[in-house]
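protein.csv (CSV, C-alpha atoms) appears below.
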```csv
chain,number,residue,atom,x,y,z
A,1,MET,CA,-29.3,-115.8,58.8
A,2,ASP,CA,-27.1,-116.5,61.8
A,3,ARG,CA,-28.2,-113.9,64.3
A,4,PRO,CA,-26.7,-113.3,67.8
A,5,ARG,CA,-28.8,-114.4,70.6
A,6,PHE,CA,-30.8,-111.6,72.2
A,7,THR,CA,-29.6,-111.2,75.8
A,8,ARG,CA,-31.5,-108.2,77.2
A,9,SER,CA,-34.3,-108.3,79.7
A,10,PHE,CA,-37.9,-108.0,78.7
A,11,THR,CA,-38.8,-106.9,82.3
A,12,GLN,CA,-36.2,-104.2,82.8
A,13,GLN,CA,-37.7,-100.7,83.0
A,14,LEU,CA,-36.0,-97.4,82.6
A,15,PRO,CA,-34.6,-95.9,85.8
A,16,ILE,CA,-36.8,-93.6,87.8
A,17,PRO,CA,-36.0,-90.0,86.7
A,18,GLU,CA,-33.6,-88.1,88.9
A,19,GLU,CA,-36.2,-85.4,89.5
A,20,ALA,CA,-38.5,-88.1,90.9
A,21,ILE,CA,-35.8,-89.6,93.0
A,22,GLU,CA,-35.1,-86.1,94.5
A,23,ALA,CA,-38.8,-85.5,95.2
A,24,ALA,CA,-39.1,-88.9,96.9
A,25,THR,CA,-36.0,-88.2,99.0
A,26,ARG,CA,-37.6,-85.0,100.2
A,27,VAL,CA,-40.7,-86.9,101.2
A,28,MET,CA,-38.6,-89.5,103.1
A,29,ARG,CA,-36.6,-86.8,104.8
A,30,SER,CA,-39.9,-85.1,105.9
A,31,GLY,CA,-41.2,-88.3,107.4
A,32,ARG,CA,-44.7,-87.4,106.1
A,33,LEU,CA,-45.4,-90.3,103.8
A,34,HIS,CA,-49.2,-90.5,104.6
A,35,ARG,CA,-51.1,-88.4,102.1
A,36,TYR,CA,-53.0,-86.4,104.8
A,37,ASN,CA,-49.9,-85.8,107.0
A,38,VAL,CA,-49.0,-82.3,105.7
A,39,ALA,CA,-47.7,-79.1,107.2
A,40,PRO,CA,-50.1,-76.1,107.4
A,41,GLY,CA,-50.6,-74.6,104.0
A,42,GLU,CA,-48.7,-77.4,102.2
A,43,GLU,CA,-50.2,-79.5,99.4
A,44,SER,CA,-49.4,-83.2,99.6
A,45,GLU,CA,-47.6,-85.0,96.7
A,46,ALA,CA,-50.7,-87.2,96.4
A,47,SER,CA,-53.0,-84.2,96.1
A,48,ALA,CA,-50.7,-82.5,93.6
A,49,LEU,CA,-50.6,-85.7,91.5
A,50,GLU,CA,-54.5,-85.8,91.4
A,51,ARG,CA,-54.7,-82.2,90.3
A,52,GLU,CA,-52.0,-82.6,87.6
A,53,PHE,CA,-53.4,-86.0,86.3
A,54,ALA,CA,-56.9,-84.6,86.1
A,55,ALA,CA,-55.7,-81.6,84.1
A,56,TRP,CA,-53.6,-83.9,81.7
A,57,GLN,CA,-56.5,-86.3,81.3
A,58,GLY,CA,-59.1,-83.6,80.8
A,59,SER,CA,-61.3,-84.8,83.7
A,60,ARG,CA,-62.9,-82.8,86.5
A,61,HIS,CA,-61.9,-85.2,89.2
A,62,CYS,CA,-59.1,-87.7,90.0
A,63,LEU,CA,-58.4,-89.9,93.0
A,64,ALA,CA,-55.0,-91.6,93.7
A,65,VAL,CA,-55.3,-95.1,95.2
A,66,ALA,CA,-53.1,-98.0,96.1
A,67,SER,CA,-53.5,-100.0,92.8
A,68,GLY,CA,-55.3,-100.2,89.6
A,69,GLY,CA,-57.3,-103.1,90.9
A,70,GLN,CA,-58.4,-101.1,93.9
A,71,ALA,CA,-59.4,-98.3,91.5
A,72,MET,CA,-61.7,-100.7,89.7
A,73,GLN,CA,-63.2,-102.2,92.9
A,74,ILE,CA,-63.8,-98.7,94.4
A,75,VAL,CA,-65.5,-97.4,91.2
A,76,LEU,CA,-67.7,-100.5,91.0
A,77,ARG,CA,-68.8,-100.0,94.6
A,78,ALA,CA,-69.2,-96.2,94.1
A,79,ALA,CA,-71.3,-96.9,91.0
A,80,GLY,CA,-73.8,-99.0,93.0
A,81,VAL,CA,-72.7,-102.5,92.2
A,82,ARG,CA,-73.9,-104.9,94.9
A,83,PRO,CA,-73.2,-108.5,95.8
A,84,GLY,CA,-74.9,-110.8,93.4
A,85,ASP,CA,-75.1,-108.2,90.6
A,86,ARG,CA,-73.9,-109.2,87.2
A,87,VAL,CA,-71.1,-107.1,85.6
A,88,LEU,CA,-70.1,-107.5,81.9
A,89,THR,CA,-66.4,-107.5,80.9
A,90,ASN,CA,-64.2,-108.8,78.1
A,91,ALA,CA,-63.3,-112.5,78.0
A,92,PHE,CA,-59.8,-111.4,77.0
A,93,THR,CA,-58.3,-109.5,79.9
A,94,LEU,CA,-56.0,-110.0,82.9
A,95,ALA,CA,-57.0,-111.5,86.3
A,96,PRO,CA,-57.4,-108.2,88.2
A,97,VAL,CA,-60.4,-107.2,86.1
A,98,PRO,CA,-62.7,-110.2,86.9
A,99,GLY,CA,-61.0,-110.1,90.3
A,100,ALA,CA,-62.3,-106.6,90.9
A,101,ILE,CA,-65.8,-107.7,90.0
A,102,ALA,CA,-65.6,-110.8,92.3
A,103,GLY,CA,-64.0,-108.6,94.9
A,104,VAL,CA,-67.3,-106.6,95.3
A,105,GLY,CA,-69.3,-109.8,95.4
A,106,ALA,CA,-70.6,-109.4,91.8
A,107,GLU,CA,-70.7,-112.0,89.1
A,108,PRO,CA,-68.5,-111.5,85.9
A,109,VAL,CA,-70.3,-112.1,82.6
A,110,LEU,CA,-67.7,-112.6,80.0
A,111,VAL,CA,-68.1,-111.1,76.5
A,112,GLU,CA,-66.5,-112.6,73.4
A,113,ILE,CA,-63.7,-110.7,71.6
A,114,ASN,CA,-63.0,-110.4,67.9
A,115,GLU,CA,-59.8,-111.0,65.9
A,116,ASP,CA,-58.7,-107.4,66.6
A,117,LEU,CA,-58.6,-108.4,70.3
A,118,VAL,CA,-61.4,-106.0,71.3
A,119,ILE,CA,-64.8,-106.7,72.8
A,120,ASP,CA,-67.4,-108.0,70.3
A,121,LEU,CA,-70.2,-105.4,70.4
A,122,ASP,CA,-72.9,-107.8,69.1
A,123,ASP,CA,-72.1,-110.3,71.8
A,124,LEU,CA,-72.0,-107.4,74.3
A,125,ALA,CA,-75.6,-106.4,73.4
A,126,ALA,CA,-76.7,-110.0,73.5
A,127,LYS,CA,-75.1,-110.7,76.9
A,128,ALA,CA,-76.4,-107.5,78.4
A,129,ARG,CA,-79.9,-108.4,77.3
A,130,ALA,CA,-79.7,-112.0,78.6
A,131,SER,CA,-77.9,-111.2,81.9
A,132,GLY,CA,-79.8,-108.1,82.9
A,133,ALA,CA,-76.4,-106.5,83.8
A,134,ARG,CA,-76.3,-102.8,84.1
A,135,VAL,CA,-72.5,-102.2,84.2
A,136,LEU,CA,-69.7,-102.9,81.7
A,137,LEU,CA,-66.2,-102.9,83.1
A,138,LEU,CA,-64.5,-102.4,79.7
A,139,SER,CA,-61.0,-103.8,79.6
A,140,LEU,CA,-58.9,-102.1,77.0
A,141,MET,CA,-56.6,-105.1,77.1
A,142,ARG,CA,-53.1,-104.6,75.9
A,143,GLY,CA,-54.0,-101.2,74.6
A,144,HIS,CA,-56.5,-102.1,72.0
A,145,LEU,CA,-59.5,-99.8,71.7
A,146,PRO,CA,-62.8,-100.9,70.1
A,147,ASP,CA,-64.9,-98.4,68.1
A,148,MET,CA,-65.7,-96.3,71.2
A,149,ASP,CA,-68.4,-94.3,69.4
A,150,ARG,CA,-70.3,-97.5,68.5
A,151,LEU,CA,-69.6,-99.0,71.9
A,152,MET,CA,-71.0,-96.0,73.8
A,153,ALA,CA,-74.1,-96.1,71.5
A,154,VAL,CA,-74.6,-99.8,72.3
A,155,ALA,CA,-74.2,-99.1,76.0
A,156,ALA,CA,-76.7,-96.3,75.9
A,157,GLY,CA,-79.2,-98.5,74.1
A,158,MET,CA,-78.8,-101.2,76.6
A,159,GLY,CA,-78.8,-98.9,79.7
A,160,LEU,CA,-75.2,-99.8,80.6
A,161,LYS,CA,-72.9,-97.8,82.8
A,162,VAL,CA,-69.4,-98.0,81.3
A,163,ILE,CA,-66.3,-98.1,83.5
A,164,GLU,CA,-63.0,-98.1,81.5
A,165,ASP,CA,-60.0,-100.2,82.6
A,166,CYS,CA,-57.2,-98.1,81.1
A,167,ALA,CA,-54.3,-99.9,82.6
A,168,HIS,CA,-52.8,-100.3,79.1
A,169,THR,CA,-54.1,-97.1,77.5
A,170,MET,CA,-52.7,-94.2,79.5
A,171,GLY,CA,-52.1,-91.6,76.7
A,172,ALA,CA,-54.3,-93.4,74.1
A,173,SER,CA,-57.3,-91.8,72.5
A,174,TRP,CA,-60.2,-92.4,70.1
A,175,ALA,CA,-60.9,-89.7,67.6
A,176,GLY,CA,-58.9,-87.3,69.7
A,177,ARG,CA,-60.7,-88.1,73.0
A,178,ARG,CA,-58.6,-89.6,75.7
A,179,SER,CA,-59.1,-93.2,76.8
A,180,GLY,CA,-60.8,-93.1,80.2
A,181,SER,CA,-63.1,-90.2,79.4
A,182,PHE,CA,-65.9,-92.0,77.6
A,183,GLY,CA,-67.7,-93.8,80.4
A,184,LEU,CA,-68.7,-93.0,84.0
A,185,ALA,CA,-65.1,-93.4,85.1
A,186,GLY,CA,-61.6,-94.5,83.9
A,187,CYS,CA,-59.2,-96.6,86.0
A,188,PHE,CA,-55.4,-96.5,85.5
A,189,SER,CA,-52.5,-98.4,87.0
A,190,THR,CA,-49.1,-97.3,87.9
A,191,GLN,CA,-47.7,-100.8,88.6
A,192,THR,CA,-44.1,-101.2,87.4
A,193,TYR,CA,-45.1,-102.7,84.0
A,194,LYS,CA,-47.5,-99.9,83.1
A,195,HIS,CA,-46.9,-96.5,81.6
A,196,MET,CA,-45.8,-94.8,84.8
A,197,ASN,CA,-43.9,-96.7,87.4
A,198,SER,CA,-44.5,-96.4,91.2
A,199,GLY,CA,-44.2,-100.2,91.8
A,200,GLU,CA,-47.9,-100.3,92.7
A,201,GLY,CA,-50.5,-97.5,92.4
A,202,GLY,CA,-53.7,-96.5,90.7
A,203,LEU,CA,-55.7,-93.5,89.5
A,204,LEU,CA,-59.3,-93.1,88.8
A,205,VAL,CA,-60.9,-90.2,86.9
A,206,THR,CA,-64.5,-89.1,86.4
A,207,ASP,CA,-66.6,-86.0,85.8
A,208,ASP,CA,-69.2,-87.2,88.3
A,209,ALA,CA,-69.0,-85.4,91.6
A,210,GLU,CA,-71.2,-87.9,93.5
A,211,LEU,CA,-69.2,-90.8,92.3
A,212,ILE,CA,-65.8,-89.3,93.2
A,213,ALA,CA,-67.1,-88.3,96.6
A,214,ARG,CA,-68.1,-92.0,97.3
A,215,ALA,CA,-64.9,-93.2,95.9
A,216,THR,CA,-62.9,-90.8,98.0
A,217,ILE,CA,-64.5,-92.0,101.2
A,218,LEU,CA,-64.2,-95.6,100.1
A,219,SER,CA,-60.4,-95.1,99.6
A,220,GLY,CA,-60.0,-94.1,103.2
A,221,SER,CA,-60.2,-90.3,103.4
A,222,TYR,CA,-61.7,-90.3,106.9
A,223,MET,CA,-63.0,-86.8,107.1
A,224,LEU,CA,-60.0,-85.3,105.3
A,225,TYR,CA,-61.6,-85.2,101.9
A,226,ALA,CA,-60.8,-81.6,101.5
A,227,GLY,CA,-57.1,-82.6,101.0
A,228,HIS,CA,-57.6,-83.8,97.5
A,229,GLY,CA,-56.3,-81.9,94.5
A,230,ALA,CA,-59.1,-82.7,92.1
A,231,GLY,CA,-62.1,-83.5,94.3
A,232,PRO,CA,-65.6,-82.0,94.4
A,233,GLY,CA,-66.8,-79.4,96.9
A,234,ALA,CA,-67.8,-80.2,100.4
A,235,GLU,CA,-71.5,-80.4,99.5
A,236,ALA,CA,-70.8,-83.6,97.5
A,237,PHE,CA,-69.8,-85.4,100.7
A,238,GLU,CA,-72.7,-84.4,102.9
A,239,ASP,CA,-74.8,-87.5,102.2
A,240,VAL,CA,-72.0,-90.1,101.8
A,241,ARG,CA,-69.4,-89.3,104.4
A,242,LEU,CA,-71.1,-91.2,107.2
A,243,ASP,CA,-72.6,-94.2,105.4
A,244,THR,CA,-69.7,-95.2,103.2
A,245,PRO,CA,-67.1,-97.7,104.5
A,246,ASN,CA,-63.4,-97.0,104.6
A,247,LEU,CA,-61.4,-99.5,102.6
A,248,SER,CA,-57.9,-98.0,103.3
A,249,ALA,CA,-56.7,-98.0,99.7
A,250,ARG,CA,-54.9,-94.6,99.6
A,251,MET,CA,-51.8,-93.8,97.6
A,252,ASP,CA,-49.0,-92.4,99.7
A,253,ASN,CA,-46.9,-89.3,99.1
A,254,LEU,CA,-43.8,-91.4,98.3
A,255,ARG,CA,-45.4,-93.0,95.3
A,256,ALA,CA,-47.0,-89.8,94.2
A,257,ALA,CA,-43.6,-88.1,94.3
A,258,LEU,CA,-42.2,-90.7,92.0
A,259,LEU,CA,-45.1,-90.3,89.5
A,260,ARG,CA,-45.4,-86.5,89.1
A,261,PRO,CA,-42.2,-86.1,87.0
A,262,GLN,CA,-43.1,-89.2,85.0
A,263,LEU,CA,-46.5,-87.6,84.1
A,264,ARG,CA,-44.6,-84.6,82.7
A,265,ASP,CA,-42.7,-87.0,80.4
A,266,ILE,CA,-45.6,-89.3,79.5
A,267,ASP,CA,-46.3,-88.0,76.0
A,268,GLY,CA,-42.6,-88.5,75.0
A,269,ALA,CA,-42.7,-92.0,76.4
A,270,VAL,CA,-45.8,-92.8,74.4
A,271,ALA,CA,-44.0,-91.7,71.2
A,272,ALA,CA,-41.0,-93.8,72.0
A,273,TRP,CA,-43.1,-96.9,72.7
A,274,ASN,CA,-45.0,-96.5,69.4
A,275,GLU,CA,-41.7,-96.2,67.5
A,276,ARG,CA,-40.6,-99.6,68.9
A,277,HIS,CA,-44.0,-101.2,68.4
A,278,ASP,CA,-44.3,-100.0,64.8
A,279,ARG,CA,-40.8,-101.2,64.0
A,280,VAL,CA,-41.5,-104.7,65.2
A,281,ALA,CA,-45.0,-104.7,63.6
A,282,ALA,CA,-43.6,-103.8,60.2
A,283,TYR,CA,-41.3,-106.9,60.3
A,284,LEU,CA,-44.0,-109.3,61.5
A,285,ALA,CA,-46.6,-108.2,59.0
A,286,GLY,CA,-44.4,-109.6,56.3
A,287,HIS,CA,-44.8,-113.2,57.3
A,288,ASN,CA,-47.8,-115.1,55.7
A,289,ALA,CA,-48.7,-117.0,58.9
A,290,ILE,CA,-48.7,-114.0,61.2
A,291,ARG,CA,-51.7,-111.7,61.6
A,292,LEU,CA,-51.5,-108.4,63.5
A,293,PRO,CA,-54.7,-106.9,65.1
A,294,ARG,CA,-56.1,-104.1,62.9
A,295,ARG,CA,-55.5,-100.6,64.3
A,296,PRO,CA,-58.5,-98.3,63.2
A,297,ARG,CA,-57.7,-94.9,61.9
A,298,ASP,CA,-59.5,-93.2,64.9
A,299,GLU,CA,-57.3,-95.0,67.4
A,300,ALA,CA,-54.2,-93.4,68.8
A,301,TYR,CA,-52.6,-96.3,70.8
A,302,VAL,CA,-49.7,-96.8,73.2
A,303,GLY,CA,-47.5,-99.6,71.9
A,304,SER,CA,-45.8,-100.7,75.1
A,305,SER,CA,-46.4,-104.3,74.0
A,306,ILE,CA,-47.2,-106.1,70.8
A,307,GLN,CA,-49.6,-108.9,70.1
A,308,PHE,CA,-49.8,-111.1,67.0
A,309,LEU,CA,-51.8,-114.2,66.0
A,310,VAL,CA,-51.0,-117.4,64.2
A,311,PRO,CA,-54.5,-118.6,63.3
A,312,GLY,CA,-55.0,-122.4,63.3
A,313,LEU,CA,-51.8,-123.2,65.2
A,314,SER,CA,-51.9,-126.4,67.2
A,315,GLU,CA,-50.9,-126.6,70.9
A,316,SER,CA,-47.8,-128.4,70.1
A,317,GLY,CA,-46.9,-125.9,67.4
A,318,ALA,CA,-47.4,-123.0,69.8
A,319,ARG,CA,-45.3,-124.6,72.5
A,320,GLY,CA,-42.5,-125.4,69.9
A,321,PHE,CA,-42.6,-121.8,68.7
A,322,LEU,CA,-42.4,-120.4,72.3
A,323,ALA,CA,-39.5,-122.7,73.0
A,324,ASP,CA,-37.6,-121.8,69.8
A,325,CYS,CA,-38.1,-118.0,70.5
A,326,SER,CA,-36.9,-118.6,74.1
A,327,ALA,CA,-33.8,-120.3,73.0
A,328,ARG,CA,-33.1,-117.2,70.9
A,329,GLY,CA,-33.5,-115.0,73.9
A,330,VAL,CA,-37.0,-113.7,72.9
A,331,GLU,CA,-39.6,-113.8,75.7
A,332,LEU,CA,-43.1,-114.4,74.3
A,333,LYS,CA,-46.3,-115.0,76.3
A,334,TRP,CA,-49.0,-117.3,74.9
A,335,PHE,CA,-52.6,-116.9,75.9
A,336,GLY,CA,-53.6,-120.4,74.8
A,337,ALA,CA,-52.0,-122.2,77.7
A,338,ALA,CA,-54.3,-124.2,80.0
A,339,GLU,CA,-52.5,-122.9,83.1
A,340,PRO,CA,-51.6,-119.3,84.1
A,341,VAL,CA,-47.9,-118.4,83.6
A,342,GLY,CA,-46.6,-115.3,85.4
A,343,PHE,CA,-48.9,-112.4,84.7
A,344,THR,CA,-50.6,-114.2,81.8
A,345,SER,CA,-53.9,-116.1,82.3
A,346,ALA,CA,-57.1,-116.8,80.5
A,347,HIS,CA,-60.7,-117.2,81.6
A,348,ARG,CA,-60.4,-121.0,82.0
A,349,SER,CA,-58.1,-120.6,85.0
A,350,TRP,CA,-60.2,-118.0,86.9
A,351,ARG,CA,-62.1,-120.5,89.1
A,352,TYR,CA,-63.8,-117.7,91.0
A,353,VAL,CA,-65.7,-117.0,87.8
A,354,ALA,CA,-68.5,-119.3,86.7
A,355,PRO,CA,-67.4,-121.3,83.6
A,356,GLN,CA,-68.7,-119.8,80.4
A,357,SER,CA,-68.8,-120.9,76.8
A,358,LEU,CA,-66.6,-118.6,74.7
A,359,PRO,CA,-65.7,-120.5,71.6
A,360,ARG,CA,-64.6,-117.5,69.5
A,361,THR,CA,-62.4,-116.1,72.3
A,362,ASP,CA,-60.9,-119.6,72.9
A,363,ARG,CA,-60.1,-119.9,69.2
A,364,ILE,CA,-58.4,-116.5,69.1
A,365,LEU,CA,-56.4,-117.1,72.3
A,366,SER,CA,-55.2,-120.4,71.1
A,367,GLY,CA,-53.0,-118.6,68.6
A,368,LEU,CA,-52.3,-115.4,70.4
A,369,PHE,CA,-48.8,-114.3,71.3
A,370,ASP,CA,-47.8,-111.3,73.4
A,371,MET,CA,-44.5,-109.5,73.9
A,372,ARG,CA,-43.4,-106.5,76.1
A,373,LEU,CA,-41.5,-103.7,74.5
A,374,PRO,CA,-39.7,-101.9,77.3
A,375,LEU,CA,-38.2,-98.5,76.6
A,376,THR,CA,-34.8,-100.0,77.6
A,377,PHE,CA,-34.9,-101.6,74.1
A,378,THR,CA,-33.2,-99.7,71.3
A,379,LEU,CA,-34.6,-99.8,67.7
A,380,GLU,CA,-31.7,-102.1,66.8
A,381,ASP,CA,-32.9,-104.4,69.6
A,382,CYS,CA,-36.3,-104.4,68.0
A,383,ASP,CA,-34.8,-105.3,64.6
A,384,LEU,CA,-32.9,-108.2,66.2
A,385,ILE,CA,-36.0,-109.5,68.1
A,386,SER,CA,-38.1,-109.3,65.0
A,387,GLY,CA,-35.6,-111.3,63.0
A,388,HIS,CA,-35.5,-114.0,65.6
A,389,ILE,CA,-39.3,-114.3,65.7
A,390,LEU,CA,-39.4,-114.6,61.9
A,391,ASP,CA,-36.6,-117.1,61.9
A,392,ALA,CA,-38.5,-119.2,64.5
A,393,ALA,CA,-41.7,-119.0,62.5
A,394,THR,CA,-39.8,-120.2,59.4
A,395,ALA,CA,-38.0,-123.0,61.2
A,396,LEU,CA,-41.3,-124.4,62.5
A,397,ASP,CA,-42.9,-123.9,59.1
A,398,LEU,CA,-45.7,-121.8,60.6
A,399,GLY,CA,-46.7,-120.8,57.1
A,400,ALA,CA,-48.4,-124.2,56.9
A,401,ALA,CA,-50.7,-123.1,59.7
A,402,ALA,CA,-52.0,-120.1,57.8
```
Exercise: express the given structure as C-alpha cells:
Amino acid sequence: MDRPRFTRSFTQQLPIPEEAIEAATRVMRSGRLHRYNVAPGEESEASALEREFAAWQGSRHCLAVASGGQAMQIVLRAAGVRPGDRVLTNAFTLAPVPGAIAGVGAEPVLVEINEDLVIDLDDLAAKARASGARVLLLSLMRGHLPDMDRLMAVAAGMGLKVIEDCAHTMGASWAGRRSGSFGLAGCFSTQTYKHMNSGEGGLLVTDDAELIARATILSGSYMLYAGHGAGPGAEAFEDVRLDTPNLSARMDNLRAALLRPQLRDIDGAVAAWNERHDRVAAYLAGHNAIRLPRRPRDEAYVGSSIQFLVPGLSESGARGFLADCSARGVELKWFGAAEPVGFTSAHRSWRYVAPQSLPRTDRILSGLFDMRLPLTFTLEDCDLISGHILDAATALDLGAAA
C-alpha cells in the first residue's frame, strides 16, 4: 500500500495546561521561586504538590526534588547505601539508574531480564546471593512491571530493601496497588518525556518517617523541614538534622506550579496513552516476525511508549529496518546498538559500571525496538505509523528472522 510519509514529531509534547501557565505566572510575579520563600501563613507550590501527590499515590510522605535521578540518589543515601556497597538493578534500564548507584559510590550489579522486558527473578536471587547486596533499585523500565507479589517475596527471602524507579510507571499498578508503593520508596520523574512535564523534576514517596526525614535534609531543607506538605513530624528530624549533608536538590515553586494541574489530569492522560498504545499493539501483533512483551492480567500499565522484539534479527537487518522506518517518518530506537544514541543506551556503554556477562539480556536487546507515543498523536496517526512499521518489516522480509 502506498502510504503518505508520517511527518509529525515523536518528541512534541502537549502544551502546558492554561491553569498551570497561570499558576506559574503568579509565582513569577511574586518573585518567590525558592520553595521556602513564602509569605506568612502561605503554603508554597512545592509543599502543596507534595501533599497532593502523596494523597494521589496513597503514600504517607512525598518529597519534591530537582530530578528523578536525584530522587534515586537521595533515597539510596537515605537508605544507608555507602561507597563500595553493591546495589542490584536491571540490566535493561536507562543510564540515570546505574548513574544514581555510581553517584553514591556504590557498585551496580546488573540482573538479567526476560523476554517480557522485566527483571529475571531467578537471576535476581542468584545475584543477590553471590554479591551480598542488600538493596535492589528496581527499574520499571519503559513501564513494564514484573510480578510484584513474587518479586517482593524474593526480596524478603534475600533480605533486600526494594527502591522502585517509577519514571515510566506514574499511574501504573499491580493488582490494584500503585507502582511505587511496594518497596521502601518509589522515585518518579517529571522530566519532559515522562508522564507530567516540568522540564526536569522528581518526586519520591515512602511510608517510612525516618527515611523521608533523611531524604528531606539531603535535598537541602536547611532547618526548614516543617515547610513540607507530606513530611513527618519534627521528632523524625531530631537525630538526622545535624549529621546529614545538604545536597541542594530541591524542586522550586515554578516547576511545582506547572505540575499541580497536570496531576489533576493524570488519570485521563493515562487512559489516552493506553488507547494509543493498544491501537499500535493490535497492528504489530499481526506480524509473524514481531513479538510484543506479555502484559500480565494483574498489571495496569501506562502506554506512553511501545516496545517490540524481532528475535534473531541480525545487526545489519536491524539497521536496515531502522533506516526504512526513518525514511517513512517513523522514529524507532534500537537497544542493540553498540553506541548510545540520544537517550537510548545499553549496559555495554556504561563504562562507570564494571563489565558484566549478561548473555540473555544482550540477546533480547539485539532485537528490541522502542517508540514514543506522545499524546499529540491522534489515533489515525497511530494507524499510519503502524502501517509503515508493518510495511518496513515486510519489505525487509523480517518474517525470515522469526
Write out as a PyMOL selection string the residues lying within 8 Å of segment 376-391 of chain A, counting all atoms listed in the file and excluding same-chain residues fewer than 3 positions away.
-> chain A and resi 3+6+12-14+275-276+279-280+283-284+287+325+328+330+373+394-395
Segment 38-54 of chain A environment, 9 Å, only C-alpha atoms, sequence neighbours closer than 2 positions dropped, as a PyMOL selection string | chain A and resi 23+27+32-36+56-64+203+205-206+227-231+251-257+259-260+263
With a distance cut-off of 9 Å and only C-alpha atoms, select the neighbouring residues of Gly233 of chain A, excluding the residue or stretch itself and same-chain residues fewer than 5 positions from it, and output the selection as a list in words.
-> Ala209, Ala213 and Ala226 of chain A
9 Å contact set for segment 221-223 of chain A, all atoms listed in the file, chain neighbours under 3 positions out, as a ChimeraX atom specification = /A:36,216-218,226-227,241,246,248,250
For Val81 of chain A, the nearest of the candidates A:Gly180, A:Gly342, A:Gly105, A:Pro232, counting all atoms listed in the file = A:Gly105
Closest of A:Ala249, A:Ala346, A:Ala300, A:Ile290 to Val65 of chain A - atom-to-atom distances counting all atoms listed in the file =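 For Val65 of chain A, the nearest of the given residues is A:Ala249.
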With all atoms listed in the file as the basis for distance, which of A:Gly367, A:Gly80, A:Pro359, A:Pro340 is at the shortest distance from Gly312 of chain A?
->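 With all atoms listed in the file as the atom set, the closest residue is A:Gly367.
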Counting all atoms listed in the file, what is within 6 Å of Val135 of chain A, bar same-chain residues fewer than 5 positions away, as a PDB file with C-alpha atoms, in the frame of the given file?
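The file below, selection.pdb, is the result:
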```pdb
ATOM      1  CA  VAL A  87     -71.100-107.100  85.600  1.00  0.00           C
ATOM      2  CA  LEU A 160     -75.200 -99.800  80.600  1.00  0.00           C
ATOM      3  CA  LYS A 161     -72.900 -97.800  82.800  1.00  0.00           C
ATOM      4  CA  VAL A 162     -69.400 -98.000  81.300  1.00  0.00           C
TER       5      VAL A 162
END
```
Per residue of segment 162-244 of chain A within 9 Å of segment 148-154 of chain A, which atom pair is closest and at what distance in Å (one decimal), using only C-alpha atoms, listed by chain and increasing number, as CSV?
```
residue,atom,partner,partner_atom,distance
A:Val162,CA,A:Met152,CA,7.9
A:Trp174,CA,A:Met148,CA,6.8
A:Ala175,CA,A:Met148,CA,8.9
A:Phe182,CA,A:Met152,CA,7.5
A:Gly183,CA,A:Met152,CA,7.7
```
Nearest-residue call for Arg77 of chain A, choices A:Met196, A:Asn114, A:Arg214, A:Ser179, using all atoms listed in the file | A:Arg214
By how many Å are atom CA of Ala354 of chain A and atom CA of Ile163 of chain A apart?
->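 These atoms are spaced 21.6 Å apart.
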In terms of the shortest atom-to-atom distance over only C-alpha atoms, which of A:Leu224, A:Ala79, A:Ala281, A:Ala393 is closest to Gly320 of chain A?
->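 Nearest to Gly320 of chain A: A:Ala393.
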